[in-house]
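**Q** One structure, pasted below without further comment.
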Amino acid sequence: MKQKIVFATNNAHKLEEVAAILGESYEVMSLREIGCEADIPETADTFAGNALQKAQYVKEHFGYDCFADDSGLEVDALDGAPGVFSARYSGGGSEENMTKLLHNLTGKSERGAQFRTVIALLIGSDTHLFEGIVRGTIIEERRGEGGFGYDPIFVPDGYDKTFAELGSEVKNRISHRAQAVEKLAIFLNETK
Ligand code: IMP
């Protein structure tokens, strides 16, 4: 029988990606599928803190084993900003976030950055964290149409195209999220 596990998200793309990696042994359910309509608070100042907050909410209110993720962009020359504020960096959408970031890096030669994902898993009475990081460079202007968020200004190390130019097939193989999900999948498939 498939083991039921909740992924604390309603993002259909993330659910599909994770369900495909986890394979046949797990039935991955979204928040909507368990009847959770709440806007779960994410008020911590770390990715791990936010991921744990979301997973704990589901475990407490619905009783399911659960995992949750939190991600963002950390820029070296900005001491790790925008970090947990990546989605709301400018108060506007992705375009405004990129504009603000490029503005804050004007004239700076240090352009190193990383995307980071932390997944928190609450299973039985245990808590586990899984992390994925992809290092790269923030370029000076947007390139490419694909992806979302900061993808048009991020060139991952070892490539000469942005995440927005590389396409989902390559991105989903090397991304911070893919690496964290892969670690979660290895753990779950070893312990099932
Ligand atoms: P989330 O925790 O995965 O929802 O990510 C929070 C925010 O970080 C997003 O709204 C984006 O601004 C940024 N972000 C996370 N992952 C990516 C990515 O793969 N590409 C571009 N931006 C990302």
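Identifiers in this document derive from the order of the structure tokens: chains are assigned A, B, ..., residues are numbered from 1 separately in each chain, and ligands are numbered from 1 in order of occurrence.
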Might you pull out every residue within 6 Å of segment 113-120 of chain A, with only C-alpha atoms counted and same-chain residues fewer than 6 positions away left off, and present them as a list in words?

**A**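 Skipping anything fewer than 6 positions along the chain leaves Phe47, Ala48, Ala51, Leu52, Phe67, Ala68, Asp69, Asp70, Ser71, Gly72, Leu73, Glu74, Val75, Asp76, His128, Leu129, Phe130, Glu131, Gly132, Ile133, Val134, Arg135, Gly136, Thr137, His176 and Arg177 of chain A.
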
**Q** Please list as a list of chain:residue names every residue within 8 Å of Lys2 of chain A, counting only C-alpha atoms and excluding residues in the same chain fewer than 5 positions away.

**A**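 Final neighbour list, sorted by chain and number: A:Glu24, A:Ser25, A:Tyr26, A:Glu27.
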
**Q** Pull N, CA, C and O atoms from the residues just selected and write them as a PDB file, in the first residue's frame.

**A**
```pdb
ATOM      1  N   GLU A  24       6.594   5.275  -6.849  1.00  0.00           N
ATOM      2  CA  GLU A  24       5.335   4.557  -6.619  1.00  0.00           C
ATOM      3  C   GLU A  24       4.982   4.338  -5.151  1.00  0.00           C
ATOM      4  O   GLU A  24       3.825   4.135  -4.818  1.00  0.00           O
ATOM      5  N   SER A  25       5.977   4.351  -4.268  1.00  0.00           N
ATOM      6  CA  SER A  25       5.705   3.932  -2.886  1.00  0.00           C
ATOM      7  C   SER A  25       4.960   4.981  -2.079  1.00  0.00           C
ATOM      8  O   SER A  25       4.442   4.685  -1.014  1.00  0.00           O
ATOM      9  N   TYR A  26       4.939   6.224  -2.562  1.00  0.00           N
ATOM     10  CA  TYR A  26       4.334   7.293  -1.778  1.00  0.00           C
ATOM     11  C   TYR A  26       3.192   7.967  -2.527  1.00  0.00           C
ATOM     12  O   TYR A  26       3.280   8.199  -3.729  1.00  0.00           O
ATOM     13  N   GLU A  27       2.122   8.243  -1.769  1.00  0.00           N
ATOM     14  CA  GLU A  27       1.071   9.095  -2.314  1.00  0.00           C
ATOM     15  C   GLU A  27       1.287  10.485  -1.725  1.00  0.00           C
ATOM     16  O   GLU A  27       1.116  10.694  -0.523  1.00  0.00           O
TER      17      GLU A  27
END
```

**Q** Would you mind writing down, as JSON, numbers by chain, each residue of segment 14-136 of chain A that DSSP on the backbone assigns to strand (DSSP E or B)?

**A** {"A": [26, 27, 28, 29, 66, 67, 68, 69, 70, 71, 72, 73, 74, 75, 82, 112, 113, 114, 115, 116, 117, 118, 119, 120, 121, 122, 123, 126, 127, 128, 129, 130, 131, 132, 133, 134, 135, 136]}

**Q** I'd like the interatomic distance between atom CA of Asn189 of chain A and atom CA of Lys14 of chain A, to a tenth of an Å.

**A**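 Rounded to one decimal, the two atoms are 18.9 Å apart.
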
**Q** Skipping near chain neighbours, those fewer than 6 positions away, what residues fall within 12 Å of Thr191 of chain A using only C-alpha atoms, listed as an MDAnalysis selection string?

**A** chainID A and resid 3 25:26 123:124 184:185

**Q** Take atom CA of Glu33 of chain A and atom CA of Glu17 of chain A and report the distance between them in Å, one decimal.

**A**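 That distance, rounded to one decimal, is 16.9 Å.
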
**Q** Counting only C-alpha atoms, what is within 8 Å of Ser94 of chain A, bar same-chain residues fewer than 4 positions away, as a list in words?

**A**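 After dropping sequence-adjacent residues, the list is Ala87, Met98, Phe148, Gly149 and Tyr150 of chain A.
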
**Q** So that I can check the secondary structure, give me every residue of segment 25-107 of chain A assigned alpha helix (DSSP H) by backbone DSSP, as JSON, numbers by chain.

**A** {"A": [47, 48, 49, 50, 51, 52, 53, 54, 55, 56, 57, 58, 59, 60, 61, 62, 94, 95, 96, 97, 98, 99, 100, 101, 102, 103, 104]}

**Q** For Phe7 of chain A, which residue out of A:Ala81, A:Met29, A:Ile139, A:Ile34 is the nearest one, using only C-alpha atoms?

**A**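 Closest to Phe7 of chain A of all the choices is A:Met29.
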
**Q** When distances are computed from only C-alpha atoms and all ligand atoms, which of A:Glu60, A:Glu95, A:Glu141, A:Asp126 shows the smallest separation from ligand 1?

**A**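 Closest to ligand 1, using only C-alpha atoms and all ligand atoms: A:Glu95.
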